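Asker: This is start21.txt, which holds compact mmCIF, C-alpha atoms:
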# COMPACT_ATOMS: atom_id res chain seq x y z
CA MET A 1 -48.28 -10.90 -35.84
CA SER A 2 -46.64 -8.25 -38.00
CA GLU A 3 -46.31 -8.61 -41.77
CA ALA A 4 -43.35 -10.51 -43.19
CA ILE A 5 -40.74 -8.15 -44.57
CA SER A 6 -38.57 -10.80 -46.24
CA GLU A 7 -37.50 -14.40 -45.81
CA LEU A 8 -34.93 -15.91 -43.48
CA SER A 9 -32.93 -19.03 -44.27
CA VAL A 10 -32.77 -20.90 -40.96
CA SER A 11 -30.60 -23.96 -40.30
CA LEU A 12 -31.77 -25.91 -37.28
CA TRP A 13 -30.01 -28.83 -35.63
CA ARG A 14 -32.14 -31.97 -35.98
CA GLY A 15 -31.60 -35.27 -34.21
CA GLY A 16 -29.31 -36.24 -31.34
CA GLY A 17 -25.56 -35.84 -30.98
CA ASP A 18 -25.05 -37.41 -34.41
CA GLY A 19 -27.71 -35.24 -36.08
CA ARG A 20 -27.30 -32.59 -38.77
CA TYR A 21 -28.50 -29.13 -39.72
CA GLU A 22 -31.65 -28.83 -41.82
CA THR A 23 -32.68 -25.63 -43.52
CA TYR A 24 -36.10 -23.97 -43.33
CA ALA A 25 -37.53 -20.82 -44.87
CA VAL A 26 -39.10 -18.58 -42.21
CA PRO A 27 -40.81 -15.21 -42.80
CA ARG A 28 -38.72 -12.34 -41.46
CA ARG A 29 -40.68 -9.91 -39.30
CA GLU A 30 -40.05 -6.71 -37.40
CA ASN A 31 -38.80 -7.18 -33.82
CA GLN A 32 -38.58 -10.95 -34.30
CA THR A 33 -36.58 -12.90 -31.72
CA VAL A 34 -34.61 -16.07 -32.38
CA LEU A 35 -37.11 -17.92 -30.18
CA ASP A 36 -39.92 -16.60 -32.43
CA VAL A 37 -38.12 -18.17 -35.40
CA VAL A 38 -37.79 -21.55 -33.70
CA THR A 39 -41.43 -21.40 -32.57
CA PHE A 40 -42.57 -20.58 -36.13
CA VAL A 41 -40.82 -23.70 -37.45
CA GLN A 42 -42.38 -25.88 -34.77
CA ARG A 43 -45.91 -24.50 -35.23
CA HIS A 44 -46.04 -24.07 -38.98
CA ILE A 45 -43.46 -26.37 -40.61
CA ASP A 46 -42.47 -29.32 -38.41
CA PRO A 47 -44.31 -29.99 -35.11
CA THR A 48 -41.75 -32.67 -34.17
CA LEU A 49 -39.07 -30.01 -33.54
CA SER A 50 -37.95 -30.19 -29.89
CA TYR A 51 -36.75 -27.15 -27.98
CA ARG A 52 -37.07 -25.70 -24.52
CA PHE A 53 -38.56 -22.43 -23.33
CA ALA A 54 -40.88 -21.16 -20.62
CA CYS A 55 -41.14 -17.47 -19.77
CA ARG A 56 -40.11 -15.81 -23.08
CA VAL A 57 -39.00 -12.70 -21.19
CA GLY A 58 -35.46 -13.50 -20.03
CA VAL A 59 -36.23 -14.67 -16.52
CA CYS A 60 -36.37 -18.47 -16.53
CA GLY A 61 -33.13 -19.22 -18.36
CA SER A 62 -34.44 -22.25 -20.26
CA CYS A 63 -34.25 -21.15 -23.92
CA ALA A 64 -30.49 -20.82 -24.44
CA MET A 65 -29.20 -22.20 -27.76
CA THR A 66 -26.20 -21.78 -30.00
CA VAL A 67 -27.08 -19.02 -32.46
CA ASN A 68 -24.70 -18.38 -35.35
CA GLY A 69 -21.85 -19.94 -33.38
CA LYS A 70 -22.44 -18.27 -30.01
CA PRO A 71 -24.54 -19.38 -27.04
CA ARG A 72 -27.35 -16.88 -26.45
CA TRP A 73 -30.71 -16.54 -24.67
CA THR A 74 -32.99 -16.84 -27.67
CA CYS A 75 -36.04 -15.09 -26.20
CA ARG A 76 -34.15 -11.82 -25.70
CA THR A 77 -32.01 -12.04 -28.84
CA HIS A 78 -33.51 -10.19 -31.77
CA VAL A 79 -32.81 -11.71 -35.17
CA SER A 80 -31.58 -8.28 -36.30
CA ARG A 81 -28.87 -8.37 -33.63
CA VAL A 82 -27.48 -11.63 -34.99
CA VAL A 83 -27.86 -11.26 -38.76
CA GLY A 84 -27.91 -7.46 -38.98
CA THR A 85 -30.67 -5.32 -40.44
CA ASP A 86 -29.89 -6.36 -44.00
CA ALA A 87 -33.17 -7.84 -45.20
CA GLY A 88 -31.81 -9.86 -48.10
CA GLY A 89 -30.09 -13.25 -47.78
CA ALA A 90 -30.13 -13.29 -43.97
CA GLN A 91 -29.00 -16.64 -42.54
CA LEU A 92 -29.50 -18.05 -39.08
CA GLU A 93 -27.92 -21.22 -37.72
CA ILE A 94 -29.47 -22.43 -34.48
CA GLY A 95 -28.11 -25.45 -32.63
CA PRO A 96 -28.22 -26.93 -29.13
CA LEU A 97 -25.90 -25.57 -26.42
CA GLU A 98 -22.37 -26.94 -26.61
CA ASN A 99 -20.58 -28.82 -23.80
CA LEU A 100 -23.82 -30.65 -22.94
CA PRO A 101 -25.21 -33.89 -24.44
CA VAL A 102 -27.96 -33.35 -27.00
CA ILE A 103 -31.26 -35.05 -26.16
CA LYS A 104 -33.00 -34.13 -29.39
CA ASP A 105 -32.86 -31.18 -31.78
CA LEU A 106 -32.32 -28.01 -29.72
CA ALA A 107 -32.81 -29.55 -26.25
CA THR A 108 -29.73 -30.55 -24.26
CA ASP A 109 -29.44 -32.72 -21.16
CA MET A 110 -28.53 -30.21 -18.43
CA ALA A 111 -28.19 -32.80 -15.64
CA ALA A 112 -24.38 -32.46 -15.48
CA PHE A 113 -24.68 -28.66 -15.38
CA PHE A 114 -26.97 -28.73 -12.35
CA ALA A 115 -25.08 -31.60 -10.68
CA LYS A 116 -22.04 -29.33 -10.66
CA TRP A 117 -24.02 -26.68 -8.75
CA GLN A 118 -24.48 -29.30 -6.05
CA GLU A 119 -20.82 -30.34 -6.26
CA ALA A 120 -19.78 -26.72 -5.79
CA GLN A 121 -21.97 -26.63 -2.64
CA GLY A 122 -24.19 -24.02 -4.25
CA VAL A 123 -26.87 -24.57 -1.61
CA PHE A 124 -27.48 -22.15 1.26
CA ALA A 125 -26.46 -23.64 4.62
CA PRO A 126 -28.44 -21.87 7.34
CA SER A 127 -26.64 -20.74 10.47
CA LYS A 128 -29.74 -19.71 12.43
CA THR A 129 -33.15 -21.03 13.30
CA ARG A 130 -36.52 -19.38 12.88
CA HIS A 131 -36.35 -18.35 16.54
CA ASP A 132 -33.31 -16.15 15.97
CA ALA A 133 -33.60 -12.53 14.96
CA ILE A 134 -33.31 -11.75 11.25
CA GLU A 135 -29.75 -10.90 10.31
CA GLN A 136 -29.27 -7.24 9.48
CA ILE A 137 -27.15 -6.87 6.35
CA SER A 138 -26.12 -3.45 5.16
CA PRO A 139 -26.53 -3.13 1.39
CA ALA A 140 -23.30 -1.11 1.40
CA SER A 141 -21.17 -3.80 3.09
CA PRO A 142 -18.35 -5.14 0.86
CA ALA A 143 -19.55 -8.77 1.12
CA ARG A 144 -23.12 -7.85 0.20
CA ARG A 145 -21.94 -5.76 -2.75
CA ALA A 146 -19.75 -8.64 -3.96
CA ALA A 147 -22.70 -11.04 -3.72
CA ASP A 148 -24.94 -8.51 -5.49
CA ALA A 149 -22.64 -8.38 -8.48
CA ALA A 150 -23.04 -12.12 -9.05
CA ILE A 151 -26.49 -12.98 -7.76
CA GLU A 152 -28.67 -12.40 -10.84
CA CYS A 153 -27.70 -15.69 -12.53
CA ILE A 154 -30.69 -17.32 -14.25
CA ASN A 155 -29.02 -20.75 -14.75
CA CYS A 156 -29.32 -20.51 -18.54
CA GLY A 157 -26.06 -22.39 -19.18
CA VAL A 158 -24.73 -19.85 -21.71
CA CYS A 159 -21.46 -19.40 -19.80
CA TYR A 160 -21.04 -23.17 -19.43
CA ALA A 161 -21.63 -23.72 -23.16
CA GLY A 162 -19.17 -20.97 -24.08
CA CYS A 163 -16.40 -22.00 -21.68
CA ASP A 164 -13.20 -23.38 -23.26
CA THR A 165 -12.11 -24.96 -19.99
CA VAL A 166 -15.38 -26.92 -19.68
CA ARG A 167 -14.86 -28.06 -23.28
CA TRP A 168 -11.52 -29.72 -22.58
CA ASN A 169 -11.89 -30.58 -18.88
CA SER A 170 -15.14 -32.40 -18.17
CA ASP A 171 -14.43 -32.29 -14.41
CA TYR A 172 -14.43 -28.48 -14.34
CA LEU A 173 -17.37 -27.14 -12.32
CA GLY A 174 -17.86 -24.25 -14.74
CA PRO A 175 -18.59 -20.53 -14.40
CA ALA A 176 -22.23 -20.74 -13.29
CA ALA A 177 -21.71 -23.17 -10.40
CA LEU A 178 -18.66 -21.24 -9.20
CA THR A 179 -20.48 -17.90 -9.44
CA ARG A 180 -23.27 -19.34 -7.33
CA ALA A 181 -20.70 -20.55 -4.79
CA PHE A 182 -19.20 -17.06 -4.79
CA THR A 183 -22.51 -15.45 -3.79
CA LEU A 184 -22.74 -17.85 -0.84
CA VAL A 185 -19.13 -17.27 0.17
CA ASN A 186 -20.17 -13.62 0.56
CA ASP A 187 -23.37 -14.42 2.45
CA VAL A 188 -22.68 -13.74 6.13
CA ARG A 189 -25.69 -15.87 7.13
CA ASP A 190 -24.27 -18.99 5.50
CA ALA A 191 -22.60 -21.67 7.66
CA GLY A 192 -21.28 -23.93 4.89
CA ASN A 193 -18.23 -22.04 3.75
CA THR A 194 -15.51 -24.42 4.87
CA ALA A 195 -17.08 -27.34 3.02
CA ARG A 196 -17.80 -25.05 0.05
CA LEU A 197 -14.24 -23.73 -0.20
CA GLN A 198 -12.95 -27.29 0.21
CA ALA A 199 -15.14 -28.45 -2.69
CA ILE A 200 -14.15 -25.66 -5.06
CA ALA A 201 -10.44 -25.86 -4.18
CA ALA A 202 -10.17 -29.44 -5.44
CA THR A 203 -9.17 -30.57 -8.92
CA GLY A 204 -11.81 -29.30 -11.35
CA GLY A 205 -12.64 -26.35 -9.08
CA CYS A 206 -11.93 -22.65 -9.43
CA HIS A 207 -8.20 -23.15 -10.02
CA ALA A 208 -8.89 -24.87 -13.34
CA CYS A 209 -10.17 -21.55 -14.79
CA HIS A 210 -7.85 -19.98 -17.37
CA SER A 211 -9.55 -16.56 -17.20
CA HIS A 212 -10.42 -16.56 -20.92
CA GLN A 213 -13.45 -14.45 -19.96
CA SER A 214 -15.84 -15.97 -22.52
CA CYS A 215 -18.37 -16.31 -19.67
CA GLN A 216 -18.18 -12.60 -18.95
CA GLU A 217 -18.53 -11.73 -22.63
CA LEU A 218 -21.47 -14.06 -23.25
CA CYS A 219 -23.47 -13.80 -20.00
CA PRO A 220 -26.91 -12.43 -20.95
CA GLN A 221 -27.24 -10.92 -17.48
CA SER A 222 -23.92 -9.07 -17.88
CA LEU A 223 -22.47 -10.85 -14.86
CA ASN A 224 -18.73 -11.38 -14.56
CA PRO A 225 -18.11 -15.01 -13.56
CA THR A 226 -14.39 -14.59 -14.31
CA ALA A 227 -14.11 -11.99 -11.55
CA ALA A 228 -16.10 -14.20 -9.16
CA ILE A 229 -13.80 -17.17 -9.92
CA ALA A 230 -10.70 -15.00 -9.46
CA ALA A 231 -12.06 -13.96 -6.06
CA LEU A 232 -12.71 -17.62 -5.18
CA LYS A 233 -9.07 -18.41 -6.04
CA ARG A 234 -8.04 -15.81 -3.45
CA HIS A 235 -10.57 -17.03 -0.86
CA THR A 236 -9.50 -20.67 -1.23
CA ALA A 237 -5.78 -19.83 -1.21
CA ALA A 238 -6.23 -17.82 2.01
CA ALA A 239 -8.24 -20.65 3.62
CA TYR A 240 -5.58 -23.17 2.56
CA LEU A 241 -2.73 -21.09 3.97
CA LYS A 242 -4.63 -20.68 7.25
CA GLY A 243 -5.10 -24.46 7.42
CA GLU A 244 -8.91 -24.24 7.21
CA ILE A 245 -9.06 -26.46 4.11
CA LYS A 246 -6.81 -29.21 2.77
CA ALA A 247 -5.59 -29.75 -0.78
CA MET B 1 -5.00 -27.93 -10.57
CA ASN B 2 -5.93 -27.80 -6.93
CA VAL B 3 -5.34 -25.08 -4.35
CA ARG B 4 -1.99 -26.50 -3.18
CA LEU B 5 -0.52 -26.45 -6.68
CA TYR B 6 -2.09 -23.03 -7.27
CA VAL B 7 -0.39 -21.57 -4.20
CA TRP B 8 2.97 -23.08 -5.22
CA GLN B 9 2.66 -21.82 -8.79
CA ARG B 10 1.64 -18.28 -7.80
CA THR B 11 4.29 -18.07 -5.06
CA THR B 12 7.08 -19.19 -7.39
CA ALA B 13 5.78 -16.78 -10.05
CA ALA B 14 5.90 -13.89 -7.59
CA LEU B 15 9.41 -14.95 -6.59
CA MET B 16 10.60 -15.22 -10.19
CA ALA B 17 9.24 -11.85 -11.37
CA PRO B 18 12.04 -9.75 -9.78
CA LEU B 19 14.62 -12.49 -10.38
CA VAL B 20 13.89 -12.51 -14.12
CA LEU B 21 14.27 -8.72 -14.29
CA ILE B 22 17.61 -8.86 -12.46
CA HIS B 23 18.72 -11.77 -14.67
CA ILE B 24 17.89 -9.79 -17.85
CA ALA B 25 19.62 -6.69 -16.46
CA VAL B 26 22.74 -8.78 -15.79
CA ILE B 27 22.68 -10.13 -19.35
CA PHE B 28 22.40 -6.58 -20.74
CA TYR B 29 25.21 -5.42 -18.49
CA ALA B 30 27.51 -8.30 -19.46
CA THR B 31 26.94 -7.87 -23.19
CA ARG B 32 27.11 -4.03 -23.11
CA GLN B 33 30.35 -4.19 -21.16
CA GLY B 34 31.66 -6.85 -23.55
CA LEU B 35 32.54 -9.19 -20.69
CA SER B 36 34.24 -12.42 -21.79
CA ALA B 37 33.43 -15.80 -20.27
CA ALA B 38 36.60 -15.52 -18.21
CA ASP B 39 35.54 -12.07 -16.93
CA ILE B 40 32.16 -13.43 -15.88
CA LEU B 41 33.59 -16.53 -14.21
CA SER B 42 36.09 -14.40 -12.29
CA ARG B 43 33.18 -12.42 -10.84
CA THR B 44 30.97 -15.40 -10.01
CA HIS B 45 33.62 -17.78 -8.72
CA GLY B 46 33.19 -18.39 -5.02
CA SER B 47 30.31 -15.88 -4.82
CA VAL B 48 27.74 -16.86 -2.22
CA ALA B 49 25.47 -14.05 -3.46
CA TRP B 50 25.30 -15.33 -7.06
CA ALA B 51 24.96 -18.94 -5.87
CA THR B 52 22.03 -17.93 -3.65
CA PHE B 53 20.41 -15.77 -6.36
CA TYR B 54 20.51 -18.45 -9.05
CA GLY B 55 19.87 -21.26 -6.54
CA ILE B 56 16.51 -19.69 -5.61
CA PHE B 57 15.83 -19.01 -9.29
CA VAL B 58 16.45 -22.63 -10.34
CA ALA B 59 14.34 -24.04 -7.51
CA ALA B 60 11.46 -21.69 -8.38
CA VAL B 61 11.71 -22.54 -12.10
CA ALA B 62 11.72 -26.30 -11.45
CA VAL B 63 8.55 -26.09 -9.33
CA HIS B 64 6.76 -23.50 -11.49
CA ALA B 65 7.45 -25.13 -14.86
CA SER B 66 6.52 -28.60 -13.62
CA ILE B 67 3.10 -27.42 -12.44
CA GLY B 68 2.55 -25.61 -15.75
CA VAL B 69 3.52 -28.68 -17.80
CA ARG B 70 1.23 -30.79 -15.60
CA ASN B 71 -1.70 -28.51 -16.44
CA ILE B 72 -0.95 -28.65 -20.16
CA LEU B 73 -0.63 -32.43 -20.18
CA SER B 74 -3.75 -33.01 -18.07
CA GLU B 75 -5.84 -30.80 -20.36
CA TRP B 76 -4.36 -31.65 -23.74
CA SER B 77 -2.86 -35.15 -23.61
CA PRO B 78 -4.63 -38.50 -23.29
CA LEU B 79 -2.22 -39.56 -20.49
CA LYS B 80 -3.66 -40.69 -17.17
CA ALA B 81 -3.28 -38.46 -14.09
CA ARG B 82 -0.79 -40.84 -12.44
CA ALA B 83 1.44 -40.99 -15.54
CA ILE B 84 1.37 -37.19 -15.81
CA ASP B 85 2.37 -36.79 -12.15
CA VAL B 86 5.33 -39.18 -12.57
CA PHE B 87 6.42 -37.41 -15.76
CA VAL B 88 6.31 -33.90 -14.30
CA ILE B 89 8.14 -34.92 -11.13
CA LEU B 90 10.94 -36.32 -13.31
CA PHE B 91 10.75 -33.17 -15.47
CA GLY B 92 11.12 -30.94 -12.39
CA ILE B 93 14.06 -33.00 -11.10
CA ALA B 94 15.72 -32.78 -14.53
CA LEU B 95 15.28 -28.99 -14.59
CA ALA B 96 16.73 -28.71 -11.08
CA ILE B 97 19.74 -30.91 -11.96
CA LEU B 98 20.47 -28.91 -15.12
CA GLY B 99 20.10 -25.61 -13.27
CA PHE B 100 22.20 -26.53 -10.23
CA ARG B 101 24.87 -28.03 -12.50
CA ALA B 102 25.08 -24.69 -14.31
CA ILE B 103 25.33 -22.84 -10.98
CA ALA B 104 28.10 -25.18 -9.81
CA ALA B 105 29.97 -24.43 -13.04
CA LEU B 106 29.63 -20.68 -12.41
CA VAL B 107 30.46 -20.59 -8.73
CA LEU B 108 32.72 -23.58 -8.06
CA ALA B 109 34.71 -23.72 -11.31
Spell out the structure here as C-alpha cells.
Answerer:
Amino acid sequence: MSEAISELSVSLWRGGGDGRYETYAVPRRENQTVLDVVTFVQRHIDPTLSYRFACRVGVCGSCAMTVNGKPRWTCRTHVSRVVGTDAGGAQLEIGPLENLPVIKDLATDMAAFFAKWQEAQGVFAPSKTRHDAIEQISPASPARRAADAAIECINCGVCYAGCDTVRWNSDYLGPAALTRAFTLVNDVRDAGNTARLQAIAATGGCHACHSHQSCQELCPQSLNPTAAIAALKRHTAAAYLKGEIKA
Amino acid sequence: MNVRLYVWQRTTAALMAPLVLIHIAVIFYATRQGLSAADILSRTHGSVAWATFYGIFVAAVAVHASIGVRNILSEWSPLKARAIDVFVILFGIALAILGFRAIAALVLA
C-alpha cells in the first residue's frame, strides 16, 4: 500500500432507508479508488460496514454506489476523478444506489432491477436444437452491429439508479432491462421476439422513456441505452402497425 | 404510455408539424397585410379548404394534447389511472368542441 499523501473526509451512508451519513477520516493515497476508500473504512475503522463488491476490475458490476451525487462503479472510479487532484480538504460522499431499496449501509436490494430483466423478456429464446448447424452471423451485418453496441452491459444498475423516469414511475422497466431486450431483438437466432416486443410495448415499457439520456452519460461501459430504447420504440411501433403485437 | 398511444401521439405530431408552420405563416401574412377581422372572415367564409385544414388541425391537437396531459398526470399526480383516463378523454372532447366551434365561426358565419 502506498504512503498516505493527505487525509480524506468521507461521508458514508449508514443504516437502512431511514439511515444517515456518518463521516470518517481516511488516508488519501495515490491511485486510490472509491472502493479502496470504502474497504479501508470496513477493515480499519468499522467492520460492521456493509457493501457489495466482487471482482474489483470492472467486470462483475456489483460495486456501484452513489458517489458525490452520481451513480458510479466504485472499483474503476479513482478518488482523484471525483474530488480532483487538490490534496487539501477533499470530501467524498458515498451512498447506496438510488431508485432501489436500501438493505443496509451501501448495499441495495436489486431484486426489482433483475425482475424487470425477466419482465422485459431479457432471456434468450432458442430457435434451434443442438442437432441443427450453428448459425452463421456476419459481424458486419446491421443487426449484429446493433447488438454489439449494446451487449457489454455488466448489470451494475448505474443507469437504473440515474434514471429520472425510474424515479417517478416505479413500473418503468428501466434502461438496463430494455438494452438487454434490444440485443435480443437484434439476435437472428432468437425466437422470442413477438413476446418480447409485446412485453416492452406495454405501459412501463420503452415508450415511458423521456430520452433524458442520463443512462448514456452515466454508463460506465459507455453504452447508449437511450439509443437502444429509441430503436425499440421503432421496432414496437412497426410490429404494432403490422398487427404482430397488441396494445 | 403504451405503443398504441405512442403511435397516435407521434402520428398526430408529424401531422401537426407542417400545419403549425402554415398556421404561423398565415398569422404573419394576415398581420403584415393588416387584414381586419372582416377581411379574414370574407376569405374563410364558405371555404372547404380552410375548414378541412383547421378541421384536421383541431382533431390532431385534441388527440395529441390529451395523450401528453395523460402522461404528465400519470407521472406527476397522485390520481389513479382510471380517473386520469376519464379526465383526459373529457379534456380531449373539450378541446375538440372549442376548436370545431371556432372553425364553424370562421367558415359558416
Asker: Write out as a PyMOL selection string every residue belonging to chain B that has an atom at most 7 Å from any atom of chain A, counting all atoms listed in the file.
Answerer: chain B and resi 1-4+6-7+75
Asker: Atoms to include: C-alpha atoms. Write the selected residues as a PDB file, in the frame of the given file.
Answerer:
ATOM      1  CA  MET B   1      -5.000 -27.930 -10.570  1.00  0.00           C
ATOM      2  CA  ASN B   2      -5.930 -27.800  -6.930  1.00  0.00           C
ATOM      3  CA  VAL B   3      -5.340 -25.080  -4.350  1.00  0.00           C
ATOM      4  CA  ARG B   4      -1.990 -26.500  -3.180  1.00  0.00           C
ATOM      5  CA  TYR B   6      -2.090 -23.030  -7.270  1.00  0.00           C
ATOM      6  CA  VAL B   7      -0.390 -21.570  -4.200  1.00  0.00           C
ATOM      7  CA  GLU B  75      -5.840 -30.800 -20.360  1.00  0.00           C
TER       8      GLU B  75
END
Asker: Pick from A:Thr48, A:Gln118, A:Ser80, A:Thr108: nearest to Met65 of chain A, with all atoms listed in the file counted?
Answerer: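 Looking at the shortest contact to Met65 of chain A, the residue is A:Thr108.
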Asker: Residues within 6 Å of segment 61-64 of chain A, please, as a list in words. Count only C-alpha atoms; anything in the same chain fewer than 3 positions from it doesn't count.
Answerer: Arg52, Phe53, Arg72, Trp73, Thr74, Ile154, Asn155 and Cys156 of chain A
Asker: What is the atom CA of Pro71 of chain A to atom CA of Gly162 of chain A distance in Å?
Answerer: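 Between atom CA of Pro71 of chain A and atom CA of Gly162 of chain A the gap works out to 6.3 Å.
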Asker: Could you check which of A:Val123, A:Ala112, A:Ala4, A:Cys153 is closest to Ser222 of chain A, using only C-alpha atoms?
Answerer: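 Once distances to Ser222 of chain A are computed over only C-alpha atoms, the minimum belongs to A:Cys153.
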Asker: Tell me, in Å to one decimal, how far atom CA of Asn186 of chain A is from atom CA of Ala146 of chain A.
Answerer: 6.7 Å
Asker: Return the padded bounding box of segment 171-178 of chain A as lines of an AutoDock Vina configuration file: axis-aligned, built from all atoms listed in the file, 6 Å added on each side, with centre and edge lengths in Å to one decimal.
Answerer:
center_x = -18.3
center_y = -26.4
center_z = -12.0
size_x = 19.8
size_y = 23.8
size_z = 17.5
Asker: Output segment 82-103 of chain B with N, CA and C atoms present, as a PDB file, keeping the file's coordinate frame.
Answerer:
ATOM      1  N   ARG B  82      -1.949 -40.266 -13.137  1.00  0.00           N
ATOM      2  CA  ARG B  82      -0.790 -40.840 -12.440  1.00  0.00           C
ATOM      3  C   ARG B  82       0.466 -40.726 -13.323  1.00  0.00           C
ATOM      4  N   ALA B  83       0.318 -41.048 -14.611  1.00  0.00           N
ATOM      5  CA  ALA B  83       1.440 -40.990 -15.540  1.00  0.00           C
ATOM      6  C   ALA B  83       1.942 -39.549 -15.671  1.00  0.00           C
ATOM      7  N   ILE B  84       0.995 -38.604 -15.694  1.00  0.00           N
ATOM      8  CA  ILE B  84       1.370 -37.190 -15.810  1.00  0.00           C
ATOM      9  C   ILE B  84       2.157 -36.757 -14.572  1.00  0.00           C
ATOM     10  N   ASP B  85       1.683 -37.167 -13.381  1.00  0.00           N
ATOM     11  CA  ASP B  85       2.370 -36.790 -12.150  1.00  0.00           C
ATOM     12  C   ASP B  85       3.808 -37.312 -12.139  1.00  0.00           C
ATOM     13  N   VAL B  86       3.987 -38.585 -12.537  1.00  0.00           N
ATOM     14  CA  VAL B  86       5.330 -39.180 -12.570  1.00  0.00           C
ATOM     15  C   VAL B  86       6.206 -38.401 -13.550  1.00  0.00           C
ATOM     16  N   PHE B  87       5.648 -38.113 -14.733  1.00  0.00           N
ATOM     17  CA  PHE B  87       6.420 -37.410 -15.760  1.00  0.00           C
ATOM     18  C   PHE B  87       6.865 -36.034 -15.270  1.00  0.00           C
ATOM     19  N   VAL B  88       5.942 -35.268 -14.668  1.00  0.00           N
ATOM     20  CA  VAL B  88       6.310 -33.900 -14.300  1.00  0.00           C
ATOM     21  C   VAL B  88       7.249 -33.859 -13.090  1.00  0.00           C
ATOM     22  N   ILE B  89       7.171 -34.866 -12.236  1.00  0.00           N
ATOM     23  CA  ILE B  89       8.140 -34.920 -11.130  1.00  0.00           C
ATOM     24  C   ILE B  89       9.544 -35.144 -11.705  1.00  0.00           C
ATOM     25  N   LEU B  90       9.643 -36.071 -12.661  1.00  0.00           N
ATOM     26  CA  LEU B  90      10.940 -36.320 -13.310  1.00  0.00           C
ATOM     27  C   LEU B  90      11.397 -35.068 -14.074  1.00  0.00           C
ATOM     28  N   PHE B  91      10.445 -34.393 -14.721  1.00  0.00           N
ATOM     29  CA  PHE B  91      10.750 -33.170 -15.470  1.00  0.00           C
ATOM     30  C   PHE B  91      11.307 -32.103 -14.534  1.00  0.00           C
ATOM     31  N   GLY B  92      10.671 -31.930 -13.375  1.00  0.00           N
ATOM     32  CA  GLY B  92      11.120 -30.940 -12.390  1.00  0.00           C
ATOM     33  C   GLY B  92      12.508 -31.283 -11.861  1.00  0.00           C
ATOM     34  N   ILE B  93      12.740 -32.571 -11.589  1.00  0.00           N
ATOM     35  CA  ILE B  93      14.060 -33.000 -11.100  1.00  0.00           C
ATOM     36  C   ILE B  93      15.117 -32.720 -12.175  1.00  0.00           C
ATOM     37  N   ALA B  94      14.781 -33.017 -13.443  1.00  0.00           N
ATOM     38  CA  ALA B  94      15.720 -32.780 -14.530  1.00  0.00           C
ATOM     39  C   ALA B  94      16.068 -31.292 -14.646  1.00  0.00           C
ATOM     40  N   LEU B  95      15.040 -30.436 -14.536  1.00  0.00           N
ATOM     41  CA  LEU B  95      15.280 -28.990 -14.590  1.00  0.00           C
ATOM     42  C   LEU B  95      16.197 -28.552 -13.453  1.00  0.00           C
ATOM     43  N   ALA B  96      15.925 -29.090 -12.255  1.00  0.00           N
ATOM     44  CA  ALA B  96      16.730 -28.710 -11.080  1.00  0.00           C
ATOM     45  C   ALA B  96      18.176 -29.167 -11.261  1.00  0.00           C
ATOM     46  N   ILE B  97      18.374 -30.400 -11.759  1.00  0.00           N
ATOM     47  CA  ILE B  97      19.740 -30.910 -11.960  1.00  0.00           C
ATOM     48  C   ILE B  97      20.484 -30.034 -12.964  1.00  0.00           C
ATOM     49  N   LEU B  98      19.830 -29.738 -14.095  1.00  0.00           N
ATOM     50  CA  LEU B  98      20.470 -28.910 -15.120  1.00  0.00           C
ATOM     51  C   LEU B  98      20.818 -27.530 -14.564  1.00  0.00           C
ATOM     52  N   GLY B  99      19.892 -26.951 -13.804  1.00  0.00           N
ATOM     53  CA  GLY B  99      20.100 -25.610 -13.270  1.00  0.00           C
ATOM     54  C   GLY B  99      21.217 -25.592 -12.230  1.00  0.00           C
ATOM     55  N   PHE B 100      21.176 -26.528 -11.291  1.00  0.00           N
ATOM     56  CA  PHE B 100      22.200 -26.530 -10.230  1.00  0.00           C
ATOM     57  C   PHE B 100      23.577 -26.884 -10.788  1.00  0.00           C
ATOM     58  N   ARG B 101      23.599 -27.696 -11.849  1.00  0.00           N
ATOM     59  CA  ARG B 101      24.870 -28.030 -12.500  1.00  0.00           C
ATOM     60  C   ARG B 101      25.464 -26.752 -13.106  1.00  0.00           C
ATOM     61  N   ALA B 102      24.615 -25.946 -13.721  1.00  0.00           N
ATOM     62  CA  ALA B 102      25.080 -24.690 -14.310  1.00  0.00           C
ATOM     63  C   ALA B 102      25.592 -23.733 -13.223  1.00  0.00           C
ATOM     64  N   ILE B 103      24.889 -23.714 -12.075  1.00  0.00           N
ATOM     65  CA  ILE B 103      25.330 -22.840 -10.980  1.00  0.00           C
ATOM     66  C   ILE B 103      26.682 -23.297 -10.440  1.00  0.00           C
TER      67      ILE B 103
END
